[in-house]
Amino acid sequence: MTQLLASPLTRLGARPPANPGGHFRGLAEQLDDAVLLVAPGTGLCQYANLKAAELTGYSRDELTHRSLAELVAVTDAPGALEQIYSALGGPARTLLNVPLRTRSGRIVAIDLRISTIAGGDGSRPEMLLFVRDAARRAAAEQIEARRALSVAAVDRLAASILNPEAVTLDRALVDYVSLLDADGAGLYLVTIDPPGIELRADVNLPSVFPKRLGAGDAQGCLTPLAWHTGQRPDTPFARAARAGGWSAFVAHPLSDGDASSGMVVAGFRSGRKAPDVAPMLGGVAARLVSALLLEQARSHLHRGTVGSAAALTQQLNTIFEAMSDGVFMLDADGVVARINAAGQELLGYRAEEVIGSRVEEVLVSPHSLDGALRAVLTDAQPLGEREAQLLRRDGHEFPARVQGLPLVDAQGRVSGAAVLFADVTHLKTLEAQGHHLEQQAYLGEMSAIFAHEIRNPLNTMATGLELIASRIPAEDSLQDTVNKILAEISRIDRLLRDILMVAKPAEVKIEPTDAHKFADRILTRFSPRLVRRNIEIARHYIPGTPPALMDSRMMEQVMVNLIENAVQAMGDTGGSLSVTVGPAARGGGREERQVAGDIQDYIQIDVGDTGPGIPAEVQKRIFDPFFTTKSDGTGLGLSIAKRIIHVHRGTLTMQTWSNVGTVFTILIPAARQIT
């Protein structure tokens, strides 16, 4: 505050003229402050400049006839004169808010700077008073405080660019308002879909301001704008400002360098006007806000990129470990950097045992792969699938498929390689099985041709023998021989028919069929024969069983074969034949299914007998073609039955218990239920 009333007069030294004039008067008249020269003894004003006359309302002549006591309102400041006179002879002093009585009697607060100077003729010192209206100081202080707030707001906006994640748009807009000393503001950002601008943040923004503007209205607003009362409101923002009670507003576009990314609007309440520096400060603040938005976008993009990279890395690691093929990751020198779980299992090594080793020390083959893998690293040439014999850690050899892929960095340099290898033992087995099946198919086709070619002459032979038999007397001994030959021909014919069934089954006509009625029809037909052989029939039909998908004619052949086998197994002593039909279970017994009413995707048919059971040595071959324990059997019945069930996309299995009985189980698909 000591510099508040500093003046060039202080440079006049200690000897201004007693009758002010010359340099002293010229300098005093040029000052913005009022200047009084006061005699300390009488308190009379010796000199007053023009500013002093304007401040007090007295003429300059009137002032030179007034004492300091007449000018200072002693009643309002009892100690003011004492403080003024006490400064005599001491260092310069400043007094604030001293009450001054003007010529009209109005009291004005003034600030005084008091200096003591020597008289021009060597007489007693005189007082030089520099007088300023205290309101000017208050205004200056207010301007300085406003400037400090603006500087602080600029500092915060600038600092926010360095730490964009910690600053919200609302916080940035508060700083924008503080920088312009505005009463409210709004931040609009450009949108692509739909095109236009949209309000994203606001501070005390009147509600009449639009939340968004379409592309047409926004186009005219993405430039610097200013409006105040008395002007025509020719933009949506000007109209909103007038409707919201603002007397002025300024707007500045936000730019990302190439195009406008939005705009920021600041307004002033009725009775206030935008500062003269508002356009300039608004432009500076808009650039800072643009920089903040750009850094936030970059930070968000970086965070998203880092997050995506981390997620992608996690996914790649998951895929890497989940791959069924073994994988080596090699560096540029052919050293193992990673190996997945499948690779460890295939080769019998733990990861820590191979990481850091050269690939040729781990991927060992009687026919070296070193050269091919080196070419992948040196020439960046992929190694196509190659078959090789690899050695496990325990020395066992296995067939493998090996492949190498170079890894190239952003500069096009080979940074490593990925080596994939897989055990193809199973594939080799499948190839052998496929070859075997091809041979079987070929044999089946040849068997069909052979059976067909045999049946024609066989039928001719049977016809000829029947003709011979018709011409031989019944009592002739040759009649018995001819009948035996005809019986053998009939047996051969049945065998050939079964072979044709296995080799070339008839066309299948599958349709939804009531499995209960199907089984019941066959059992009814067998019933007289079973009664004669003292065999009881036990039917178990589970309610709610859906229709089965079957060819009734072909499935009848299966059921007849199973029932005849059961009858022959029980022999002349009789027993019990059980047939159970119901939905197949997915875990749990049939009793559980019946209670729960569970209907699944398959129908199950069980055919059981109480015979002696099937010996273990027979069980292994029971479905083999031409295997039979019957003297007159062909050995193709169960083989044909299994083939028929297979055509139905089902299964035929068997369970047997010594001296208890045997159960054959058929599973075939069920028809879908329409609800």
# chains A, B, ... in the order shown; residues from 1 in each chain; ligands from 1
$ select_by_dssp --residues "segment 12-225 of chain A" --states "helix (DSSP H, G or I)" --output "VMD selection string"
chain A and resid 12 22 to 30 50 to 56 60 to 63 68 to 71 80 to 86 134 to 162 164 to 166 169 to 180 215 to 219
$ select_by_dssp --residues "segment 8-219 of chain A" --states "strand (DSSP E)" --output "PyMOL selection string"
chain A and resi 34-38+45-48+93-101+107-117+126-133+184-191+196-203+212-214
$ atom_distance --atom1 "atom CA of Asp32 of chain A" --atom2 "atom CA of Thr94 of chain A"
17.0 Å
$ atom_distance --atom1 "atom CA of Val607 of chain A" --atom2 "atom CA of Ala566 of chain A"
8.2 Å
$ residues_around --residues "Ser247 of chain A" --least-positions-apart "5" --cutoff "9 Å" --atoms "only C-alpha atoms" --output "list of chain:residue names"
A:Trp227, A:His228, A:Thr229, A:Gly230, A:Ala241, A:Arg242, A:Gly267, A:Phe268, A:Arg269, A:Ser270, A:Gly271, A:Arg272, A:Lys273, A:Ala274
$ closest_residue --among "A:Phe328, A:Phe623, A:Tyr47, A:Trp657" --to "His65 of chain A" --atoms "only C-alpha atoms"
A:Tyr47
$ closest_residue --among "A:Val508, A:Asn561, A:Asn483, A:Val376" --to "His648 of chain A" --atoms "only C-alpha atoms"
A:Val508
$ residues_around --residues "Glu536 of chain A" --least-positions-apart "2" --cutoff "12 Å" --atoms "only C-alpha atoms" --output "PyMOL selection string"
chain A and resi 523+526-534+538-539+567+570+573-579+608-610
$ atom_distance --atom1 "atom CA of Gly371 of chain A" --atom2 "atom CA of Ser415 of chain A"
17.9 Å
$ closest_residue --among "A:Asn459, A:Gln557, A:Ser255, A:Thr42" --to "Tyr85 of chain A" --atoms "only C-alpha atoms"
A:Thr42
$ residues_around --residues "Leu467 of chain A" --least-positions-apart "6" --cutoff "12 Å" --atoms "only C-alpha atoms" --output "PyMOL selection string"
chain A and resi 460-461+479+482-483+486
$ residues_around --residues "segment 362-367 of chain A" --least-positions-apart "3" --cutoff "9 Å" --atoms "only C-alpha atoms" --output "ChimeraX atom specification"
/A:336,347,349,354,357-359,388-393,397
